[in-house]
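A.B. asks: Sharing protein18.txt, compact mmCIF, C-alpha atoms:
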```
# COMPACT_ATOMS: atom_id res chain seq x y z
CA MET A 1 -22.41 3.85 50.25
CA THR A 2 -21.34 5.56 47.06
CA GLN A 3 -23.62 8.05 45.36
CA ILE A 4 -25.30 5.25 43.42
CA ALA A 5 -26.24 1.70 44.34
CA ILE A 6 -26.82 -1.05 41.79
CA HIS A 7 -29.90 -3.26 41.78
CA LEU A 8 -29.67 -6.26 39.44
CA VAL A 9 -32.63 -8.46 38.54
CA VAL A 10 -31.73 -12.16 38.27
CA ASP A 11 -33.51 -15.50 38.05
CA ASP A 12 -32.19 -16.73 41.40
CA PRO A 13 -30.94 -14.19 43.99
CA ASP A 14 -29.30 -16.88 46.15
CA GLN A 15 -27.31 -18.29 43.23
CA ALA A 16 -26.42 -14.80 41.98
CA ALA A 17 -25.19 -13.69 45.41
CA SER A 18 -22.96 -16.75 45.61
CA TRP A 19 -21.63 -16.11 42.09
CA TYR A 20 -20.84 -12.43 42.71
CA THR A 21 -19.11 -13.38 45.95
CA GLU A 22 -16.98 -16.06 44.27
CA ALA A 23 -16.26 -14.36 40.96
CA LEU A 24 -16.03 -10.69 41.93
CA GLY A 25 -15.11 -10.81 45.61
CA ALA A 26 -18.34 -9.20 46.81
CA ARG A 27 -19.41 -9.81 50.39
CA GLU A 28 -22.95 -10.27 51.63
CA THR A 29 -24.25 -7.58 54.00
CA SER A 30 -27.93 -8.52 54.31
CA ARG A 31 -30.62 -10.81 52.97
CA LEU A 32 -34.42 -10.46 52.89
CA THR A 33 -36.24 -13.77 52.73
CA LEU A 34 -40.02 -13.96 52.76
CA PRO A 35 -41.48 -16.09 55.58
CA GLY A 36 -41.56 -19.67 54.34
CA GLY A 37 -40.70 -18.45 50.88
CA PRO A 38 -37.98 -17.38 48.52
CA THR A 39 -35.22 -14.85 48.96
CA LEU A 40 -36.50 -11.46 47.92
CA THR A 41 -33.21 -9.52 47.88
CA VAL A 42 -29.58 -10.10 48.78
CA GLU A 43 -27.49 -7.02 49.44
CA LEU A 44 -23.78 -7.28 48.70
CA ARG A 45 -20.89 -4.90 49.00
CA LEU A 46 -18.45 -4.74 46.08
CA GLY A 47 -15.69 -2.38 47.16
CA ASP A 48 -17.58 0.71 48.35
CA THR A 49 -20.63 -0.02 46.18
CA VAL A 50 -23.89 -1.60 47.25
CA LEU A 51 -24.95 -4.34 44.84
CA ALA A 52 -28.43 -5.71 45.45
CA VAL A 53 -29.71 -8.76 43.60
CA ALA A 54 -33.40 -9.58 43.42
CA GLY A 55 -35.57 -12.06 41.60
CA GLU A 56 -37.60 -11.24 38.55
CA MET A 57 -41.08 -9.77 39.14
CA PRO A 58 -42.58 -9.04 35.72
CA GLU A 59 -45.75 -7.63 37.27
CA ARG A 60 -43.62 -4.93 38.91
CA GLY A 61 -41.50 -4.27 35.81
CA MET A 62 -38.47 -6.09 37.21
CA ARG A 63 -37.12 -8.23 34.37
CA THR A 64 -33.88 -10.11 33.78
CA PRO A 65 -31.63 -9.25 30.82
CA ALA A 66 -32.74 -12.51 29.13
CA ALA A 67 -36.40 -11.46 29.40
CA LEU A 68 -35.49 -8.14 27.77
CA GLY A 69 -33.30 -9.60 25.02
CA GLY A 70 -30.00 -8.53 26.59
CA THR A 71 -28.60 -5.62 28.56
CA PRO A 72 -27.74 -2.16 27.21
CA ALA A 73 -25.36 -1.32 30.06
CA ALA A 74 -22.00 -2.44 31.38
CA LEU A 75 -20.98 -2.23 35.02
CA HIS A 76 -17.35 -1.11 35.33
CA VAL A 77 -15.17 -2.37 38.16
CA GLU A 78 -11.66 -1.10 38.91
CA VAL A 79 -9.35 -4.04 39.61
CA ALA A 80 -5.66 -4.45 40.41
CA ASP A 81 -5.18 -7.17 37.76
CA ALA A 82 -7.66 -7.31 34.87
CA ASP A 83 -6.28 -10.59 33.54
CA ALA A 84 -6.60 -12.38 36.88
CA ALA A 85 -10.05 -10.91 37.58
CA SER A 86 -11.26 -11.93 34.13
CA ALA A 87 -9.86 -15.44 34.52
CA ARG A 88 -11.63 -15.80 37.89
CA ALA A 89 -14.96 -14.69 36.38
CA LEU A 90 -14.59 -17.02 33.39
CA GLU A 91 -13.69 -19.96 35.63
CA ALA A 92 -16.86 -19.23 37.63
CA GLY A 93 -19.03 -19.41 34.49
CA ALA A 94 -18.93 -16.00 32.81
CA THR A 95 -18.60 -15.70 29.02
CA VAL A 96 -16.27 -13.34 27.19
CA PHE A 97 -17.93 -10.27 25.71
CA GLU A 98 -14.64 -8.49 24.90
CA PRO A 99 -11.24 -10.09 25.59
CA VAL A 100 -8.87 -8.34 28.01
CA HIS A 101 -6.62 -5.93 26.12
CA ASP A 102 -4.72 -2.66 26.49
CA ALA A 103 -7.14 0.12 25.56
CA PHE A 104 -6.18 3.42 23.98
CA TRP A 105 -7.45 5.40 26.98
CA GLY A 106 -4.82 3.86 29.28
CA ASP A 107 -6.60 0.91 30.91
CA ARG A 108 -6.15 -2.80 30.55
CA THR A 109 -9.77 -3.80 30.13
CA GLY A 110 -12.09 -6.58 29.12
CA GLN A 111 -15.78 -7.39 29.38
CA PHE A 112 -17.78 -10.48 30.25
CA LEU A 113 -21.40 -11.52 30.63
CA ASP A 114 -22.19 -13.06 33.99
CA PRO A 115 -24.40 -16.18 34.10
CA PHE A 116 -27.41 -13.91 34.75
CA GLY A 117 -26.95 -11.82 31.59
CA HIS A 118 -25.40 -8.70 33.10
CA ARG A 119 -22.33 -7.22 31.37
CA TRP A 120 -19.27 -6.28 33.39
CA ALA A 121 -16.11 -4.41 32.39
CA LEU A 122 -12.91 -4.90 34.36
CA ASN A 123 -10.54 -1.94 34.29
CA GLN A 124 -6.91 -1.83 35.41
CA HIS A 125 -5.28 1.57 34.95
CA ILE A 126 -1.87 1.15 33.34
CA ARG A 127 -0.96 4.61 32.03
CA ASP A 128 -2.15 8.19 31.88
CA VAL A 129 -3.11 9.33 28.38
CA PRO A 130 -3.61 12.98 27.35
CA PRO A 131 -7.23 13.78 26.35
CA GLU A 132 -6.09 14.84 22.85
CA GLU A 133 -4.52 11.43 22.26
CA ILE A 134 -7.67 9.68 23.46
CA ALA A 135 -9.81 11.80 21.10
CA ASP A 136 -7.47 11.13 18.15
CA ARG A 137 -7.46 7.37 18.77
CA ALA A 138 -11.24 7.29 19.21
CA ALA A 139 -11.65 9.15 15.94
CA GLU A 140 -9.31 6.70 14.16
CA LEU A 141 -11.21 3.70 15.47
CA LEU A 142 -14.64 5.16 14.68
CA GLY A 143 -13.68 6.48 11.25
CA GLY A 144 -14.18 10.14 12.08
CA SER A 145 -12.03 13.06 12.98
CA ALA A 146 -11.31 14.47 16.39
CA THR A 147 -12.70 17.89 17.18
CA ALA A 148 -11.56 20.26 19.89
```
As structure tokens, what does this structure read like?

C.D. replies:
Amino acid sequence: MTQIAIHLVVDDPDQAASWYTEALGARETSRLTLPGGPTLTVELRLGDTVLAVAGEMPERGMRTPAALGGTPAALHVEVADADAASARALEAGATVFEPVHDAFWGDRTGQFLDPFGHRWALNQHIRDVPPEEIADRAAELLGGSATA
């Protein structure tokens, strides 16, 4: 496991596990189902990262992005082909948050919202960019000036 594992709250852990497997290439490693009841958690592996999906439990503070009015975070995934990975996610039901494009920091990147409201960024490294150039471009885009 990497230094951090991701735990996503969704409406339906079974459906989410299937979606992440189809759209992102995750593989299921374990599943906890309550006796005679619903699936509590599905653990997936996405590359070297553990991705657990669990159902909403408002009484325990576990809420979906929809219940919270959206998500403030994006999960970044390194991919070999950002265009193909984005197309696969969109075909599986994701919606575009930011179209795939060549970013000033040297990645081909794009973002989508999965059907459960979580935001994902797909990153394909295409070139190395000096930090000074990144700072200058960021300043241009944000209307400020770069500082050393």

A.B. asks: Residues around (-8.4, -7.1, 23.9), cut-off 12 Å, counting only C-alpha atoms - what are they as an NGL selection string?

C.D. replies: :A and (82-83 or 86 or 96-104 or 107-112 or 121-123)

A.B. asks: Just to confirm, what's the straight-line distance from CA of Arg31 (chain A) to CA of Ala87 (chain A) in Å (one decimal)?

C.D. replies: 28.2 Å

A.B. asks: Of the residues A:Ala135, A:Leu113, A:Leu142, A:Ala17, which is the one nearest to Leu75 (chain A), using only C-alpha atoms?

C.D. replies: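 Looking at the shortest contact to Leu75 (chain A), the residue is A:Leu113.
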
A.B. asks: Please indicate the distance in Å from CA of Gly47 (chain A) to CA of Ser30 (chain A), rounded to one decimal place.

C.D. replies: 15.4 Å

A.B. asks: Quick one: distance from CA of Glu22 (chain A) to CA of Leu90 (chain A) in Å, one decimal?

C.D. replies: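 Atom-to-atom, CA of Glu22 (chain A) to CA of Leu90 (chain A), that is 11.2 Å.
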
A.B. asks: May I have the protein, DNA and RNA residues with an atom at most 10 Å from (-27.2, -5.2, 43.4), counting only C-alpha atoms in the file's coordinates, returned as a PyMOL selection string?

C.D. replies: chain A and resi 5-10+13+16-17+20+41-46+49-54

A.B. asks: Which is closest to Asp11 (chain A) among A:Ala73, A:Ala138, A:Ala66, A:Leu34, if we use all atoms listed in the file?

C.D. replies: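 Ranked by minimum distance to Asp11 (chain A), first place goes to A:Ala66.
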
A.B. asks: Find the residue from A:Arg88, A:Arg119, A:Arg127, A:Arg63 that sits nearest to Ala23 (chain A); use all atoms listed in the file when measuring.

C.D. replies: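 Of A:Arg88, A:Arg119, A:Arg127, A:Arg63, the one nearest Ala23 (chain A) is A:Arg88, counting all atoms listed in the file.
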
A.B. asks: Pick the closest to Trp19 (chain A) from A:Ala85, A:Ala67, A:Val79, A:Ala92: which is it, counting only C-alpha atoms?

C.D. replies: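 Of A:Ala85, A:Ala67, A:Val79, A:Ala92, the one nearest Trp19 (chain A) is A:Ala92, counting only C-alpha atoms.
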
A.B. asks: Choose the residue, out of A:Ile126, A:Met62, A:Leu40, A:Leu141, that has the smallest atom-to-atom separation from Asp81 (chain A); count all atoms listed in the file.

C.D. replies: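 Among the listed residues, A:Ile126 lies closest to Asp81 (chain A).
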
A.B. asks: Given the choices A:Glu133, A:Asp128, A:Asp48, A:Glu91, which gets closest to Ile4 (chain A) if the distance is worked out from all atoms listed in the file?

C.D. replies: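 For Ile4 (chain A), the nearest of the given residues is A:Asp48.
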
A.B. asks: Where atoms are missing, can you supply N, CA and C atoms for region 114-133 of chain A and output the lot as a PDB file, keeping the file's coordinate frame?

C.D. replies:
```pdb
ATOM      1  N   ASP A 114     -22.063 -12.122  32.877  1.00  0.00           N
ATOM      2  CA  ASP A 114     -22.190 -13.060  33.990  1.00  0.00           C
ATOM      3  C   ASP A 114     -23.286 -14.078  33.654  1.00  0.00           C
ATOM      4  N   PRO A 115     -23.409 -15.151  34.422  1.00  0.00           N
ATOM      5  CA  PRO A 115     -24.400 -16.180  34.100  1.00  0.00           C
ATOM      6  C   PRO A 115     -25.848 -15.694  34.151  1.00  0.00           C
ATOM      7  N   PHE A 116     -26.066 -14.458  34.626  1.00  0.00           N
ATOM      8  CA  PHE A 116     -27.410 -13.910  34.750  1.00  0.00           C
ATOM      9  C   PHE A 116     -27.711 -12.879  33.674  1.00  0.00           C
ATOM     10  N   GLY A 117     -26.746 -12.693  32.738  1.00  0.00           N
ATOM     11  CA  GLY A 117     -26.950 -11.820  31.590  1.00  0.00           C
ATOM     12  C   GLY A 117     -26.469 -10.397  31.752  1.00  0.00           C
ATOM     13  N   HIS A 118     -25.884 -10.056  32.887  1.00  0.00           N
ATOM     14  CA  HIS A 118     -25.400  -8.700  33.100  1.00  0.00           C
ATOM     15  C   HIS A 118     -23.964  -8.587  32.589  1.00  0.00           C
ATOM     16  N   ARG A 119     -23.663  -7.435  31.957  1.00  0.00           N
ATOM     17  CA  ARG A 119     -22.330  -7.220  31.370  1.00  0.00           C
ATOM     18  C   ARG A 119     -21.466  -6.414  32.330  1.00  0.00           C
ATOM     19  N   TRP A 120     -20.234  -6.892  32.494  1.00  0.00           N
ATOM     20  CA  TRP A 120     -19.270  -6.280  33.390  1.00  0.00           C
ATOM     21  C   TRP A 120     -18.002  -5.937  32.612  1.00  0.00           C
ATOM     22  N   ALA A 121     -17.413  -4.798  32.933  1.00  0.00           N
ATOM     23  CA  ALA A 121     -16.110  -4.410  32.390  1.00  0.00           C
ATOM     24  C   ALA A 121     -15.133  -4.348  33.552  1.00  0.00           C
ATOM     25  N   LEU A 122     -13.973  -4.933  33.368  1.00  0.00           N
ATOM     26  CA  LEU A 122     -12.910  -4.900  34.360  1.00  0.00           C
ATOM     27  C   LEU A 122     -11.856  -3.930  33.869  1.00  0.00           C
ATOM     28  N   ASN A 123     -11.485  -2.973  34.701  1.00  0.00           N
ATOM     29  CA  ASN A 123     -10.540  -1.940  34.290  1.00  0.00           C
ATOM     30  C   ASN A 123      -9.358  -1.884  35.247  1.00  0.00           C
ATOM     31  N   GLN A 124      -8.160  -1.964  34.671  1.00  0.00           N
ATOM     32  CA  GLN A 124      -6.910  -1.830  35.410  1.00  0.00           C
ATOM     33  C   GLN A 124      -6.154  -0.672  34.782  1.00  0.00           C
ATOM     34  N   HIS A 125      -5.981   0.417  35.510  1.00  0.00           N
ATOM     35  CA  HIS A 125      -5.280   1.570  34.950  1.00  0.00           C
ATOM     36  C   HIS A 125      -3.799   1.248  34.789  1.00  0.00           C
ATOM     37  N   ILE A 126      -3.280   1.454  33.579  1.00  0.00           N
ATOM     38  CA  ILE A 126      -1.870   1.150  33.340  1.00  0.00           C
ATOM     39  C   ILE A 126      -1.050   2.367  32.927  1.00  0.00           C
ATOM     40  N   ARG A 127      -1.714   3.406  32.381  1.00  0.00           N
ATOM     41  CA  ARG A 127      -0.960   4.610  32.030  1.00  0.00           C
ATOM     42  C   ARG A 127      -1.902   5.789  31.847  1.00  0.00           C
ATOM     43  N   ASP A 128      -1.392   6.971  32.109  1.00  0.00           N
ATOM     44  CA  ASP A 128      -2.150   8.190  31.880  1.00  0.00           C
ATOM     45  C   ASP A 128      -2.000   8.574  30.405  1.00  0.00           C
ATOM     46  N   VAL A 129      -3.106   8.971  29.797  1.00  0.00           N
ATOM     47  CA  VAL A 129      -3.110   9.330  28.380  1.00  0.00           C
ATOM     48  C   VAL A 129      -3.721  10.727  28.258  1.00  0.00           C
ATOM     49  N   PRO A 130      -3.056  11.636  27.536  1.00  0.00           N
ATOM     50  CA  PRO A 130      -3.610  12.980  27.350  1.00  0.00           C
ATOM     51  C   PRO A 130      -4.959  12.910  26.620  1.00  0.00           C
ATOM     52  N   PRO A 131      -5.903  13.780  26.986  1.00  0.00           N
ATOM     53  CA  PRO A 131      -7.230  13.780  26.350  1.00  0.00           C
ATOM     54  C   PRO A 131      -7.170  13.901  24.820  1.00  0.00           C
ATOM     55  N   GLU A 132      -6.212  14.676  24.305  1.00  0.00           N
ATOM     56  CA  GLU A 132      -6.090  14.840  22.850  1.00  0.00           C
ATOM     57  C   GLU A 132      -5.768  13.509  22.178  1.00  0.00           C
ATOM     58  N   GLU A 133      -4.882  12.734  22.809  1.00  0.00           N
ATOM     59  CA  GLU A 133      -4.520  11.430  22.260  1.00  0.00           C
ATOM     60  C   GLU A 133      -5.713  10.477  22.289  1.00  0.00           C
TER      61      GLU A 133
END
```
